[in-house]
>>> print(open('run-v8.txt').read())   # compact mmCIF, C-alpha atoms
# COMPACT_ATOMS: atom_id res chain seq x y z
CA MET A 1 -9.93 -24.92 -3.72
CA ARG A 2 -12.36 -22.29 -4.90
CA LYS A 3 -14.70 -23.40 -2.17
CA LYS A 4 -12.00 -22.52 0.29
CA ASP A 5 -11.66 -26.17 0.96
CA GLU A 6 -9.22 -26.45 3.81
CA GLU A 7 -8.08 -29.88 2.79
CA ALA A 8 -7.11 -28.68 -0.64
CA PHE A 9 -5.37 -25.76 0.97
CA GLY A 10 -3.42 -28.13 3.14
CA TYR A 11 -2.34 -29.96 0.04
CA LEU A 12 -1.21 -26.70 -1.56
CA TYR A 13 0.78 -25.85 1.51
CA GLU A 14 2.52 -29.17 1.66
CA HIS A 15 3.21 -29.16 -2.03
CA TYR A 16 4.30 -25.60 -2.68
CA SER A 17 5.34 -23.96 0.58
CA GLY A 18 8.94 -25.12 0.15
CA ALA A 19 9.34 -23.61 -3.31
CA LEU A 20 7.72 -20.34 -2.24
CA TYR A 21 9.72 -20.27 0.97
CA GLY A 22 12.89 -20.70 -1.09
CA VAL A 23 12.17 -17.65 -3.22
CA ILE A 24 11.09 -15.60 -0.19
CA LYS A 25 14.32 -16.48 1.60
CA GLN A 26 16.37 -15.49 -1.40
CA ILE A 27 14.67 -12.10 -1.45
CA ILE A 28 14.61 -11.46 2.31
CA GLY A 29 17.81 -13.21 3.33
CA GLU A 30 16.68 -13.44 6.91
CA LEU A 31 15.10 -16.50 8.44
CA GLU A 32 12.76 -14.94 10.96
CA LEU A 33 11.24 -12.47 8.53
CA SER A 34 11.01 -15.10 5.81
CA ASN A 35 8.73 -17.09 8.08
CA ASP A 36 6.51 -14.06 8.54
CA VAL A 37 6.36 -13.46 4.81
CA LEU A 38 5.53 -17.08 4.05
CA GLN A 39 2.71 -16.88 6.54
CA GLU A 40 1.43 -13.64 4.99
CA THR A 41 1.71 -15.23 1.57
CA PHE A 42 -0.51 -18.15 2.42
CA VAL A 43 -3.02 -15.98 4.18
CA ASN A 44 -3.13 -13.83 1.04
CA ILE A 45 -3.49 -16.88 -1.17
CA TRP A 46 -6.41 -18.01 0.97
CA ARG A 47 -8.09 -14.62 0.89
CA ARG A 48 -7.55 -13.89 -2.77
CA ILE A 49 -8.05 -17.30 -4.29
CA GLU A 50 -11.32 -16.09 -5.86
CA SER A 51 -9.37 -13.65 -7.98
CA TYR A 52 -7.13 -16.34 -9.44
CA ASP A 53 -7.90 -16.71 -13.15
CA GLU A 54 -6.65 -19.95 -14.64
CA ASN A 55 -6.84 -18.45 -18.13
CA LYS A 56 -4.01 -16.12 -17.21
CA GLY A 57 -1.62 -18.75 -16.00
CA ARG A 58 -0.90 -21.61 -13.69
CA LEU A 59 -1.80 -21.53 -10.02
CA PHE A 60 1.83 -21.88 -9.01
CA THR A 61 2.79 -18.80 -11.05
CA TRP A 62 0.05 -16.84 -9.33
CA MET A 63 1.17 -17.97 -5.88
CA LEU A 64 4.81 -17.32 -6.73
CA ASN A 65 4.03 -13.73 -7.66
CA ILE A 66 2.09 -13.22 -4.43
CA ALA A 67 5.08 -14.57 -2.50
CA ARG A 68 7.59 -12.44 -4.39
CA ASN A 69 5.53 -9.26 -3.97
CA ALA A 70 5.06 -9.90 -0.26
CA ALA A 71 8.80 -10.47 0.17
CA ILE A 72 9.75 -7.34 -1.74
CA ASP A 73 7.19 -5.32 0.22
CA LYS A 74 8.86 -6.57 3.37
CA THR A 75 12.29 -5.44 2.20
CA ARG A 76 10.79 -1.99 1.56
CA SER A 77 9.43 -1.73 5.08
CA LYS A 78 11.09 0.65 7.49
CA GLY A 79 12.10 -1.95 10.05
CA PHE A 80 13.75 -4.12 7.45
CA GLN A 81 15.69 -1.24 5.92
CA GLN A 82 17.02 -0.29 9.31
CA SER A 83 18.00 -3.83 10.17
CA GLN A 84 19.71 -4.40 6.86
CA ARG A 85 21.15 -0.97 6.31
CA GLN A 86 20.06 -1.47 2.74
CA MET A 87 21.23 1.23 0.38
CA PRO A 88 18.61 2.90 -1.77
CA LEU A 89 19.17 2.41 -5.46
CA ASP A 90 20.50 5.81 -6.37
CA GLY A 91 24.23 5.55 -6.06
CA ASP A 92 26.78 4.21 -8.48
CA VAL A 93 27.80 1.26 -6.39
CA ILE A 94 25.47 -1.66 -6.61
CA GLN A 95 26.44 -5.14 -5.71
CA PRO A 96 24.25 -8.12 -6.32
CA SER A 97 23.36 -9.62 -3.00
CA VAL A 98 25.30 -12.86 -2.64
CA ARG A 99 24.84 -15.01 0.45
CA PRO A 100 26.31 -18.47 0.20
CA GLU A 101 23.79 -20.42 2.29
CA ILE A 102 20.75 -19.13 0.42
CA ASP A 103 22.04 -18.74 -3.10
CA ASP A 104 22.78 -22.36 -3.86
CA TYR A 105 19.38 -23.49 -5.08
CA GLY A 106 16.58 -22.46 -7.41
CA LEU A 107 16.67 -19.28 -9.46
CA LYS A 108 19.55 -17.72 -7.53
CA LYS A 109 21.73 -20.67 -8.29
CA MET A 110 20.78 -20.47 -11.94
CA ILE A 111 21.55 -16.80 -12.37
CA PHE A 112 25.11 -17.43 -11.28
CA LYS A 113 25.51 -19.19 -14.60
CA LEU A 114 24.65 -15.97 -16.40
CA LYS A 115 27.07 -13.26 -17.44
CA ASP A 116 27.83 -10.75 -14.68
CA GLU A 117 25.74 -8.02 -16.17
CA GLN A 118 22.77 -10.28 -16.80
CA ARG A 119 22.98 -11.61 -13.28
CA LEU A 120 23.06 -8.10 -11.86
CA LEU A 121 19.99 -7.11 -13.88
CA ILE A 122 17.98 -10.15 -12.77
CA ASP A 123 19.09 -9.65 -9.21
CA LEU A 124 18.05 -6.00 -9.20
CA SER A 125 14.74 -6.50 -10.97
CA TYR A 126 13.51 -9.90 -9.78
CA PHE A 127 15.06 -10.29 -6.35
CA GLN A 128 15.31 -6.67 -5.26
CA GLY A 129 12.19 -5.52 -7.06
CA PHE A 130 13.56 -2.34 -8.59
CA THR A 131 11.68 -0.97 -11.57
CA HIS A 132 13.31 -0.75 -14.97
CA GLU A 133 13.33 3.03 -14.56
CA GLN A 134 15.19 2.87 -11.25
CA ILE A 135 17.74 0.49 -12.71
CA ALA A 136 18.25 2.71 -15.75
CA THR A 137 18.92 5.71 -13.52
CA ALA A 138 21.25 3.86 -11.18
CA LEU A 139 23.31 2.16 -13.85
CA HIS A 140 23.26 5.11 -16.25
CA ILE A 141 21.81 2.97 -19.02
CA PRO A 142 18.91 4.08 -21.24
CA LEU A 143 15.55 2.63 -20.20
CA GLY A 144 15.07 0.81 -23.51
CA THR A 145 18.43 -0.88 -23.11
CA VAL A 146 17.59 -2.01 -19.59
CA LYS A 147 14.40 -3.60 -20.86
CA THR A 148 16.12 -5.37 -23.78
CA ARG A 149 18.92 -6.66 -21.59
CA ILE A 150 16.60 -7.94 -18.87
CA ARG A 151 14.54 -9.74 -21.48
CA SER A 152 17.58 -11.34 -23.04
CA ALA A 153 18.83 -12.35 -19.58
CA LEU A 154 15.43 -13.98 -18.95
CA THR A 155 15.49 -15.93 -22.21
CA GLN A 156 19.00 -17.00 -21.33
CA LEU A 157 17.72 -18.14 -17.96
CA ARG A 158 15.04 -20.15 -19.67
CA THR A 159 17.56 -22.11 -21.74
CA LEU A 160 19.28 -23.05 -18.49
CA MET A 161 16.02 -24.46 -17.19
CA GLN A 162 15.60 -27.01 -19.93
CA PRO A 163 16.55 -30.37 -18.46
CA MET B 1 1.99 -9.72 -35.66
CA ASN B 2 4.95 -12.03 -35.91
CA VAL B 3 3.98 -14.51 -33.23
CA LYS B 4 7.28 -16.38 -33.25
CA GLU B 5 9.30 -13.22 -32.82
CA TYR B 6 6.96 -12.05 -30.07
CA ILE B 7 7.31 -15.32 -28.19
CA SER B 8 11.09 -15.30 -28.37
CA SER B 9 11.35 -11.62 -27.37
CA GLY B 10 11.45 -12.48 -23.70
CA ILE B 11 7.95 -11.17 -23.01
CA VAL B 12 6.76 -14.64 -21.96
CA GLU B 13 9.40 -14.94 -19.23
CA SER B 14 8.98 -11.28 -18.31
CA TYR B 15 5.22 -11.73 -17.86
CA VAL B 16 5.37 -14.97 -15.93
CA MET B 17 8.03 -13.69 -13.55
CA GLY B 18 6.14 -10.50 -12.87
CA LEU B 19 8.66 -8.16 -14.50
CA ALA B 20 6.47 -6.86 -17.31
CA SER B 21 5.00 -3.38 -17.13
CA GLU B 22 1.25 -2.94 -16.73
CA ALA B 23 0.85 -2.13 -20.44
CA GLU B 24 2.95 -5.12 -21.47
CA ARG B 25 0.92 -7.37 -19.22
CA GLN B 26 -2.39 -6.29 -20.63
CA GLU B 27 -1.11 -6.66 -24.17
CA PHE B 28 0.26 -10.10 -23.38
CA GLU B 29 -3.02 -11.28 -21.89
CA THR B 30 -4.94 -10.09 -24.94
CA ASN B 31 -2.43 -11.80 -27.21
CA CYS B 32 -2.76 -15.05 -25.28
CA VAL B 33 -6.48 -15.07 -25.99
CA GLN B 34 -5.99 -14.25 -29.65
CA TYR B 35 -3.01 -16.53 -30.38
CA PRO B 36 -3.11 -19.94 -28.71
CA GLU B 37 0.61 -20.43 -29.52
CA ILE B 38 1.47 -17.61 -27.15
CA ALA B 39 -0.65 -19.06 -24.35
CA GLU B 40 0.99 -22.41 -25.00
CA ALA B 41 4.48 -20.88 -24.83
CA ARG B 42 3.51 -19.26 -21.54
CA ASN B 43 2.29 -22.54 -20.19
CA VAL B 44 5.49 -24.33 -21.19
CA PHE B 45 7.65 -21.76 -19.45
CA GLU B 46 5.45 -21.72 -16.36
CA LEU B 47 5.76 -25.47 -16.11
CA ALA B 48 9.54 -25.34 -16.55
CA LEU B 49 9.84 -22.67 -13.84
CA GLU B 50 7.55 -24.56 -11.51
CA GLN B 51 9.45 -27.82 -11.91
CA GLN B 52 12.74 -26.05 -11.48
CA LEU B 53 11.64 -24.44 -8.24
CA LEU B 54 9.98 -27.57 -6.89
CA LYS B 55 13.01 -29.67 -7.72
CA GLU B 56 15.33 -28.06 -5.25
CA SER B 57 13.95 -25.91 -2.52
CA PRO B 58 14.31 -25.79 1.21
CA ALA B 59 11.51 -27.20 3.33
CA ALA B 60 9.25 -24.62 4.90
CA PRO B 61 9.19 -24.86 8.70
CA LEU B 62 6.46 -27.24 9.80
CA LEU B 63 5.46 -25.06 12.69
CA LEU B 64 4.41 -22.41 10.21
CA LYS B 65 1.78 -24.60 8.68
CA ASN B 66 -0.16 -24.64 11.92
CA GLN B 67 0.18 -20.90 12.36
CA VAL B 68 -1.13 -20.28 8.87
CA PHE B 69 -4.02 -22.62 9.49
CA ASP B 70 -4.86 -20.97 12.76
CA LYS B 71 -4.96 -17.66 10.99
CA ILE B 72 -7.08 -18.61 8.04
CA THR B 73 -9.48 -20.76 9.99
CA SER B 74 -10.06 -18.20 12.74
CA SER B 75 -12.84 -16.52 10.75
CA VAL B 76 -14.50 -19.88 10.19
CA SER B 77 -14.37 -20.88 13.85
CA GLU B 78 -15.88 -17.57 14.92
CA THR B 79 -19.06 -18.33 13.00
CA ASN B 80 -19.06 -21.83 14.44
CA THR B 81 -18.96 -20.52 17.99
CA SER B 82 -21.87 -18.17 17.45
CA GLN B 83 -23.93 -21.04 16.10
CA LEU B 84 -23.07 -23.04 19.22
CA GLU B 85 -24.19 -20.25 21.46
CA GLU B 86 -27.53 -20.00 19.76
CA GLU B 87 -28.13 -23.67 20.43
CA SER B 88 -26.90 -23.52 24.01
CA THR B 89 -29.32 -24.27 26.83
CA PRO B 90 -30.14 -21.92 29.78
CA VAL B 91 -27.99 -24.14 32.02
CA ARG B 92 -24.94 -22.68 30.34
CA SER B 93 -26.14 -19.11 30.61
CA LEU B 94 -24.05 -18.43 33.73
CA SER B 95 -20.82 -19.21 31.97
CA ILE B 96 -21.95 -17.09 29.03
CA TRP B 97 -22.47 -14.18 31.41
CA ARG B 98 -18.99 -14.70 32.75
CA TRP B 99 -17.64 -14.73 29.25
CA LEU B 100 -19.52 -11.57 28.46
CA ALA B 101 -18.12 -9.92 31.57
CA VAL B 102 -14.57 -10.88 30.64
CA ALA B 103 -15.19 -9.82 27.08
CA SER B 104 -16.47 -6.42 28.18
CA LEU B 105 -13.41 -5.90 30.36
CA VAL B 106 -11.21 -6.75 27.43
CA LEU B 107 -13.25 -4.41 25.29
CA LEU B 108 -12.93 -1.66 27.89
CA ALA B 109 -9.19 -2.09 28.11
CA GLY B 110 -9.06 -2.10 24.35
CA SER B 111 -11.06 1.07 23.99
CA VAL B 112 -9.01 2.89 26.62
CA TYR B 113 -5.88 1.89 24.78
CA TRP B 114 -7.48 2.97 21.53
CA ALA B 115 -8.54 6.29 22.99
CA ILE B 116 -5.04 6.99 24.27
CA THR B 117 -3.28 6.08 21.07
CA SER B 118 -5.70 7.94 18.88
CA ASN B 119 -5.43 11.00 21.10
CA ASN B 120 -1.64 10.81 20.86
CA MET B 121 -1.93 10.43 17.15
CA TYR B 122 -4.34 13.34 16.96
CA GLN B 123 -1.93 15.56 18.92
CA GLU B 124 0.93 14.52 16.73
CA MET B 125 -1.03 15.15 13.54
CA ARG B 126 -2.09 18.55 14.88
CA ALA B 127 1.50 19.51 15.57
CA ARG B 128 2.56 18.30 12.15
CA ASN B 129 -0.29 20.10 10.51
CA ALA B 130 0.65 23.34 12.30
CA ASN B 131 4.23 22.91 11.13
CA LEU B 132 3.10 22.34 7.59
CA GLN B 133 0.81 25.39 7.70
CA ASP B 134 3.71 27.40 9.00
CA SER B 135 6.12 26.39 6.31
CA LEU B 136 3.43 26.78 3.68
CA LYS B 137 2.81 30.34 4.84
CA LYS B 138 6.53 31.09 4.78
CA ALA B 139 6.82 29.66 1.30
CA ASN B 140 3.81 31.68 0.14
CA ASP B 141 5.27 34.85 1.63
CA GLU B 142 8.51 34.23 -0.20
CA ILE B 143 6.68 33.65 -3.44
CA THR B 144 4.71 36.85 -2.96
CA THR B 145 7.92 38.79 -2.42
CA ILE B 146 9.52 37.13 -5.39
CA ASN B 147 6.52 37.75 -7.61
CA GLY B 148 6.12 41.34 -6.42
CA THR B 149 6.04 43.48 -9.51
CA GLY B 150 6.73 40.45 -11.68
CA ALA B 151 3.12 39.39 -11.40
CA ALA B 152 1.99 42.56 -13.13
CA GLN B 153 4.46 41.96 -15.92
CA PRO B 154 4.01 38.46 -17.13
CA LYS B 155 6.32 38.98 -20.08
CA SER B 156 9.48 38.44 -18.11
CA ASP B 157 12.70 38.00 -19.97
CA PHE B 158 15.24 36.50 -17.67
CA LYS B 159 18.93 36.67 -18.22
CA MET B 160 20.97 34.34 -16.16
CA ALA B 161 24.51 34.86 -15.01
CA SER B 162 26.37 32.17 -13.15
CA ILE B 163 29.22 33.01 -10.86
CA THR B 164 31.55 30.35 -9.65
CA ALA B 165 34.88 30.60 -7.93
CA GLY B 166 36.51 27.27 -7.48
CA SER B 167 34.42 24.92 -5.45
CA ASP B 168 33.91 27.48 -2.69
CA ALA B 169 31.36 29.80 -4.15
CA SER B 170 28.64 29.19 -6.64
CA VAL B 171 25.92 31.71 -7.26
CA SER B 172 23.35 32.28 -10.00
CA ILE B 173 21.90 35.65 -10.78
CA TYR B 174 18.60 36.02 -12.57
CA TRP B 175 17.98 39.41 -14.08
CA ASP B 176 14.58 40.09 -15.53
CA THR B 177 15.37 42.59 -18.26
CA THR B 178 11.68 43.54 -18.54
CA SER B 179 10.90 44.28 -14.91
CA LYS B 180 14.59 44.91 -14.06
CA ASP B 181 14.27 42.69 -11.01
CA VAL B 182 17.40 40.95 -9.85
CA TYR B 183 17.33 37.63 -7.99
CA LEU B 184 20.25 35.87 -6.48
CA MET B 185 20.32 32.15 -5.97
CA ILE B 186 23.02 30.79 -3.71
CA LYS B 187 24.21 27.30 -4.28
CA ASN B 188 27.24 27.61 -2.10
CA MET B 189 28.95 30.52 -0.33
CA PRO B 190 31.57 30.42 2.39
CA GLU B 191 30.59 32.08 5.68
CA PRO B 192 32.04 35.62 5.71
CA PRO B 193 34.10 36.90 8.67
CA THR B 194 31.80 38.27 11.40
CA ASP B 195 32.58 41.92 10.61
CA LYS B 196 32.12 41.47 6.86
CA GLN B 197 29.24 40.91 4.46
CA TYR B 198 28.84 40.06 0.83
CA GLN B 199 27.62 42.79 -1.47
CA LEU B 200 26.31 42.38 -5.00
CA TRP B 201 27.20 44.85 -7.75
CA ALA B 202 26.08 45.41 -11.29
CA LEU B 203 28.86 46.32 -13.71
CA LEU B 204 27.72 48.74 -16.39
CA PRO B 205 28.47 48.48 -20.08
CA GLN B 206 29.88 52.05 -20.16
CA GLU B 207 33.64 52.15 -19.83
CA GLY B 208 34.73 53.59 -16.46
CA ALA B 209 31.22 53.78 -15.00
CA PRO B 210 31.18 52.93 -11.27
CA PRO B 211 29.52 49.61 -10.26
CA ILE B 212 25.97 49.93 -9.00
CA ASP B 213 25.14 48.63 -5.53
CA LEU B 214 22.53 45.88 -5.71
CA GLY B 215 22.38 45.25 -1.99
CA MET B 216 23.79 43.14 0.77
CA ILE B 217 23.56 39.39 0.87
CA GLU B 218 22.37 38.13 4.22
CA LEU B 219 23.60 34.58 4.32
CA LYS B 220 20.88 32.56 5.95
CA GLN B 221 20.64 28.87 6.02
CA GLN B 222 17.75 27.30 4.16
CA ARG B 223 17.37 30.47 2.17
CA LEU B 224 18.26 29.99 -1.44
CA LEU B 225 16.71 32.82 -3.36
CA TYR B 226 17.25 36.50 -2.55
CA ARG B 227 15.62 39.44 -4.16
CA MET B 228 18.16 42.19 -4.75
CA LYS B 229 17.78 45.82 -5.87
CA ASN B 230 16.56 46.49 -9.38
CA VAL B 231 19.00 47.59 -12.02
CA GLN B 232 18.26 49.24 -15.38
CA ASN B 233 21.36 48.15 -17.13
CA ALA B 234 24.18 45.71 -16.56
CA LYS B 235 26.79 43.87 -18.50
CA ALA B 236 27.92 41.63 -15.66
CA PHE B 237 27.56 41.08 -11.92
CA ALA B 238 30.14 40.86 -9.18
CA ILE B 239 30.28 40.09 -5.49
CA THR B 240 32.70 41.72 -3.08
CA LEU B 241 33.38 41.26 0.61
CA GLU B 242 32.54 44.56 2.33
CA PRO B 243 32.45 45.82 5.91
CA LYS B 244 29.12 45.07 7.56
CA GLY B 245 26.35 47.29 6.23
CA GLY B 246 27.98 47.66 2.85
CA SER B 247 29.84 50.36 0.96
CA PRO B 248 28.62 52.91 -1.59
CA SER B 249 31.31 51.66 -3.96
CA PRO B 250 33.40 48.50 -3.80
CA THR B 251 36.34 48.75 -1.41
CA SER B 252 37.83 45.41 -2.35
CA GLN B 253 38.53 43.40 -5.43
CA PRO B 254 35.54 41.30 -6.45
CA MET B 255 35.59 37.98 -4.84
CA VAL B 256 33.68 36.64 -7.76
CA SER B 257 32.27 38.16 -10.90
CA SER B 258 30.19 36.84 -13.74
CA GLN B 259 30.85 36.55 -17.42
CA PRO B 260 29.35 39.37 -19.50
CA ILE B 261 25.64 38.91 -20.14
CA ASN B 262 24.44 38.58 -23.68
CA LEU B 263 21.66 41.08 -24.09
>>> encode(input="run-v8.txt", output="structure tokens")
Amino acid sequence: MRKKDEEAFGYLYEHYSGALYGVIKQIIGELELSNDVLQETFVNIWRRIESYDENKGRLFTWMLNIARNAAIDKTRSKGFQQSQRQMPLDGDVIQPSVRPEIDDYGLKKMIFKLKDEQRLLIDLSYFQGFTHEQIATALHIPLGTVKTRIRSALTQLRTLMQP
Amino acid sequence: MNVKEYISSGIVESYVMGLASEAERQEFETNCVQYPEIAEARNVFELALEQQLLKESPAAPLLLKNQVFDKITSSVSETNTSQLEEESTPVRSLSIWRWLAVASLVLLAGSVYWAITSNNMYQEMRARNANLQDSLKKANDEITTINGTGAAQPKSDFKMASITAGSDASVSIYWDTTSKDVYLMIKNMPEPPTDKQYQLWALLPQEGAPPIDLGMIELKQQRLLYRMKNVQNAKAFAITLEPKGGSPSPTSQPMVSSQPINL
């Protein structure tokens, strides 16, 4: 892979594109743009593979973060905001984004087993990419509390993962 | 460090899922090197997440695979073509010339397009820049007026009086008791009738003393801060609605007046 071996890359694509595509779709919520983001993600993986450090984690984790960042960047882009009429996170009314056809697998499906507040926090931070500070301001909760609650929601999520 | 507590704090999940802050990330990476248990816990969670996501996920469109491959291999094929050209025989030179001709046309079209767009961009940036310069100058002028004598007297001691009347009018008055300058900041004021104008007054501490005229308030949009006339002494401020041009002494009841100022 480090030699930019195309065959290995093909294997990666076949093996992992579905999982990454799933997360991208859950963030973007729109088919057409999700395709673009998946494409960008793999191009980025190809270009940046030299910077992957196996001491810092698994390859899948690294690819997943590239995919998530690319998807969130897309939702921040002007065109997307206009098409989605997405509200900036500064009001009092925040609803977790729930779309039946794309929420019934993977992490999204799992967070529906969490308590409402925990689900909201994971949705805002992981799927919508808001910083802890932005969430604290929008929900009128102290920053430290936001951090503690997100962490406890994540550990809760982990227990749900155990088979 | 209590490694167990650290591991169960949620930092592992936070790090792996990309929700940790930069400082937390760096700390976590250092800790992973120092304490193998932490790196192991990270690995276990990564594996669990990976399996979870691989277990049930939609299939990525097949068509995309080819597009991605086209994209990432395009740089490779470019170098391949140039190698081919080096090896090519003179017999093929005609077609190369044709290619070059086509390529130069494409290049020409491209550079014309580039020239047009960059000129448009340049014009737009120039206009924006001029606008910015303009508003900067205006802002500077306002600051200069506001500073005025204040600059010479750095030891300002501002008293603030807020005037509110229902939700209609909300005004703050800043009175520098050192320089005696009075500033008026309008948060909200209803538009006066066309033949009337707001006038600001200082009410004196002496019983029965007439209010002192501090000037007319020209309501202008986008203008928040007004410099009014100086006043040596005041216990409160009031605003009345006066005929245009103002009156030497108030002709109407104050529309709004402030609480007494604590001196």
>>> residues_around(input="run-v8.txt", residues="A:Leu64", least_positions_apart="3", cutoff="12 Å", atoms="all atoms listed in the file", output="PyMOL selection string")
(chain A and resi 16-24+38+41-42+44-45+57-61+67-71+126) or (chain B and resi 16-18+46+49-50+53-54)
>>> closest_residue(input="run-v8.txt", among="A:Gln39, A:Lys115, A:Trp62, A:Gly129", to="chain B", atoms="only C-alpha atoms")
A:Gln39
>>> atom_distance(input="run-v8.txt", atom1="atom CA of B:Tyr122", atom2="atom CA of A:Thr75")
29.1 Å
>>> residues_around(input="run-v8.txt", residues="B:Val3", least_positions_apart="2", cutoff="8 Å", atoms="all atoms listed in the file", output="number ranges by chain")
B: 1, 5-7, 35, 37-38
>>> closest_residue(input="run-v8.txt", among="B:Asn233, B:Asn2, B:Gln52, B:Gln34", to="chain A", atoms="all atoms listed in the file")
B:Gln52
>>> closest_residue(input="run-v8.txt", among="B:Thr194, B:Thr30, B:Ser257, B:Ser57", to="chain A", atoms="all atoms listed in the file")
B:Ser57
>>> residues_around(input="run-v8.txt", residues="A:Ile150", least_positions_apart="2", cutoff="10 Å", atoms="only C-alpha atoms", output="ChimeraX atom specification")
/A:117-122,124-126,132,145-148,152-156 /B:10,14,19
>>> closest_residue(input="run-v8.txt", among="A:Ile72, A:Leu139, A:Ile66, A:Val43", to="chain B", atoms="all atoms listed in the file")
A:Val43
>>> closest_residue(input="run-v8.txt", among="B:Ile173, B:Ala139, B:Leu219, B:Leu204", to="B:Pro192", atoms="all atoms listed in the file")
B:Leu219
